[in-house]
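Undergrad: I'd like to ask you about the structure that follows.
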Amino acid sequence: MGEREVERRLCRRFKIPGATISYRKEGLFSSKTGTDEEFCPVLDLSRGGVRFLTQKPLKFKSRVFLQLSIPGERVPLDLRGRVRWSTFNAGKSYKYQAGVQINPYGLEKGQNVPQTLTKIVALETKFVEPETPAAPPKAGEFGV
């Protein structure tokens with residue numbers, strides 16, 4: 001994202017060094033066990049979504065089950081979401097990047113359990129990079 005672009009996301013993105021995603025596409029005839037791809041590097045994460053590298057393209061709007069593995073954590077976080085975008089990653093060891101919007105948190109079918117949100121908030125607190133303060137206005141300028 002360029003410096004002049006406006007950030008439209010409501011949740012702050014952060015990086016977790018060494019974090020990986022294993023995923024499984026969900027559908028009528030999909031397996032309830034196993035994964036379609038494992039150990040995909042996570043580029044960034046937020047309360048509302050995750051961006052990661054993959055060897056396979058993911059279909060727009062497809063439902064996915066994700067397992068987020070974090071170094072030092074014993075159990076991966078289980079997440080459900082929908083693919084919002086998938087793009088070719090030219091000249092890189094992983095052929096594609098994908099963005100998945102995480103389903104809402106709650107107790108209804110298809111939602112992510114609230115404890116997962118609590119864990120993501122804790123990770124955000126631990127890994128979010130502090131914002132650099134804006135430079136004060138120069139003499140004779142007005143700050144808006």
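In the structure tokens, the first chain shown is A, the next is B, and so on; residue numbers restart at 1 for each chain, and ligands run from 1 in the order shown.
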Please provide the set of residues having any atom within 6 Å of Lys95 in chain A, restricted to only C-alpha atoms, with same-chain residues fewer than 2 positions apart removed, written as a ChimeraX atom specification.
TA: /A:55,88-89
Undergrad: Just write the chosen residues, N, CA and C atoms, as an mmCIF file, in the first residue's frame.
TA:
```cif
data_model
loop_
_atom_site.group_PDB
_atom_site.id
_atom_site.type_symbol
_atom_site.label_atom_id
_atom_site.label_comp_id
_atom_site.auth_asym_id
_atom_site.auth_seq_id
_atom_site.Cartn_x
_atom_site.Cartn_y
_atom_site.Cartn_z
ATOM 1 N N GLN A 55 0.696 -21.814 -2.646
ATOM 2 C CA GLN A 55 1.120 -22.351 -3.943
ATOM 3 C C GLN A 55 -0.063 -22.506 -4.896
ATOM 4 N N PHE A 88 -1.670 -13.495 -8.321
ATOM 5 C CA PHE A 88 -0.399 -14.097 -8.699
ATOM 6 C C PHE A 88 0.734 -13.338 -8.018
ATOM 7 N N ASN A 89 1.731 -14.047 -7.533
ATOM 8 C CA ASN A 89 2.873 -13.493 -6.806
ATOM 9 C C ASN A 89 4.118 -13.713 -7.683
#
```
Undergrad: Please identify which residues in range 12-131 of chain A DSSP calls strand (DSSP E or B) from the backbone, and express them as number ranges by chain.
TA: A: 14, 20-26, 37-45, 49-54, 63-69, 77-88, 96-102, 105, 112
Undergrad: Restricted to C-alpha atoms, what would the selected residues look like written as an mmCIF file, in the first residue's frame?
TA:
```cif
data_model
loop_
_atom_site.group_PDB
_atom_site.id
_atom_site.type_symbol
_atom_site.label_atom_id
_atom_site.label_comp_id
_atom_site.auth_asym_id
_atom_site.auth_seq_id
_atom_site.Cartn_x
_atom_site.Cartn_y
_atom_site.Cartn_z
ATOM 1 C CA PHE A 14 0.237 -6.815 12.304
ATOM 2 C CA THR A 20 1.868 -20.095 9.180
ATOM 3 C CA ILE A 21 -1.562 -21.053 7.869
ATOM 4 C CA SER A 22 -2.843 -24.493 6.972
ATOM 5 C CA TYR A 23 -6.169 -24.369 5.146
ATOM 6 C CA ARG A 24 -8.969 -26.504 3.830
ATOM 7 C CA LYS A 25 -11.618 -25.386 1.348
ATOM 8 C CA GLU A 26 -15.129 -25.955 2.656
ATOM 9 C CA GLU A 37 -2.151 -26.880 1.852
ATOM 10 C CA GLU A 38 0.030 -26.586 4.960
ATOM 11 C CA PHE A 39 2.629 -24.177 6.373
ATOM 12 C CA CYS A 40 1.726 -21.189 4.205
ATOM 13 C CA PRO A 41 3.615 -18.121 5.499
ATOM 14 C CA VAL A 42 1.395 -15.419 7.032
ATOM 15 C CA LEU A 43 2.163 -11.922 5.730
ATOM 16 C CA ASP A 44 -0.142 -10.077 8.102
ATOM 17 C CA LEU A 45 -3.159 -10.575 10.325
ATOM 18 C CA GLY A 49 -8.687 -11.036 8.197
ATOM 19 C CA VAL A 50 -5.422 -12.647 7.213
ATOM 20 C CA ARG A 51 -3.081 -12.344 4.213
ATOM 21 C CA PHE A 52 -0.831 -15.291 3.395
ATOM 22 C CA LEU A 53 1.255 -16.915 0.669
ATOM 23 C CA THR A 54 0.084 -20.071 -1.085
ATOM 24 C CA ARG A 63 -15.324 -20.725 2.257
ATOM 25 C CA VAL A 64 -12.171 -21.864 4.015
ATOM 26 C CA PHE A 65 -11.210 -23.375 7.350
ATOM 27 C CA LEU A 66 -7.861 -22.024 8.562
ATOM 28 C CA GLN A 67 -5.463 -23.193 11.233
ATOM 29 C CA LEU A 68 -3.143 -20.388 12.305
ATOM 30 C CA SER A 69 0.078 -21.720 13.846
ATOM 31 C CA LEU A 77 -6.091 -21.113 16.232
ATOM 32 C CA ASP A 78 -9.038 -22.436 14.209
ATOM 33 C CA LEU A 79 -10.703 -19.829 12.007
ATOM 34 C CA ARG A 80 -13.429 -19.836 9.392
ATOM 35 C CA GLY A 81 -13.641 -17.238 6.670
ATOM 36 C CA ARG A 82 -14.156 -16.361 3.000
ATOM 37 C CA VAL A 83 -11.584 -15.644 0.339
ATOM 38 C CA ARG A 84 -11.778 -11.964 -0.597
ATOM 39 C CA TRP A 85 -8.933 -11.996 -3.120
ATOM 40 C CA SER A 86 -6.174 -14.165 -4.547
ATOM 41 C CA THR A 87 -3.449 -12.851 -6.831
ATOM 42 C CA PHE A 88 -0.399 -14.097 -8.699
ATOM 43 C CA TYR A 96 0.041 -16.713 -5.001
ATOM 44 C CA GLN A 97 -1.053 -14.391 -2.219
ATOM 45 C CA ALA A 98 -4.520 -14.669 -0.724
ATOM 46 C CA GLY A 99 -6.655 -12.530 1.542
ATOM 47 C CA VAL A 100 -9.305 -14.139 3.735
ATOM 48 C CA GLN A 101 -11.973 -12.222 5.633
ATOM 49 C CA ILE A 102 -12.575 -13.909 8.974
ATOM 50 C CA TYR A 105 -17.199 -14.110 16.190
ATOM 51 C CA ASN A 112 -15.659 -18.208 15.046
#
```
Undergrad: Among range 5-142 of chain A, which ones does DSSP assign to helix (DSSP H, G or I) (computed from the backbone)? Answer as a list in words.
TA: Pro114, Gln115, Thr116, Leu117, Thr118, Lys119, Ile120, Val121, Ala122, Leu123, Glu124, Thr125, Lys126 and Phe127 of chain A
Undergrad: Could you please take those selected residues and save C-alpha atoms as a PDB file, in the first residue's frame?
TA:
```pdb
ATOM      1  CA  PRO A 114     -15.305 -15.642  20.888  1.00  0.00           C
ATOM      2  CA  GLN A 115     -12.202 -17.089  22.603  1.00  0.00           C
ATOM      3  CA  THR A 116     -10.411 -16.860  19.252  1.00  0.00           C
ATOM      4  CA  LEU A 117     -11.064 -13.119  19.126  1.00  0.00           C
ATOM      5  CA  THR A 118      -9.657 -12.794  22.647  1.00  0.00           C
ATOM      6  CA  LYS A 119      -6.491 -14.593  21.513  1.00  0.00           C
ATOM      7  CA  ILE A 120      -6.137 -12.419  18.383  1.00  0.00           C
ATOM      8  CA  VAL A 121      -6.512  -9.251  20.489  1.00  0.00           C
ATOM      9  CA  ALA A 122      -3.734 -10.524  22.779  1.00  0.00           C
ATOM     10  CA  LEU A 123      -1.528 -11.217  19.743  1.00  0.00           C
ATOM     11  CA  GLU A 124      -2.305  -7.756  18.377  1.00  0.00           C
ATOM     12  CA  THR A 125      -1.195  -6.203  21.660  1.00  0.00           C
ATOM     13  CA  LYS A 126       2.021  -8.207  21.560  1.00  0.00           C
ATOM     14  CA  PHE A 127       2.981  -7.787  17.888  1.00  0.00           C
TER      15      PHE A 127
END
```
Undergrad: Just to confirm, what's the straight-line distance from CA of Cys11 in chain A to CA of Ser46 in chain A in Å (one decimal)?
TA: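 Computing it gives 5.9 Å between the two atoms.
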Undergrad: From the options A:Glu129, A:Pro76, A:Phe60, A:Gly110, which residue's atoms come nearest to Lys15 in chain A, counting only C-alpha atoms?
TA: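 That would be A:Glu129, the residue with the smallest distance to Lys15 in chain A.
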Undergrad: Could you please determine the separation between CA of Gln111 in chain A and CA of Gly72 in chain A in Å, to one decimal place?
TA: 25.9 Å
Undergrad: Report, in Å to a single decimal, how far apart CA of Arg13 in chain A and CA of Ser62 in chain A are.
TA: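 According to the coordinates, CA of Ser62 in chain A and CA of Arg13 in chain A are separated by 22.3 Å.
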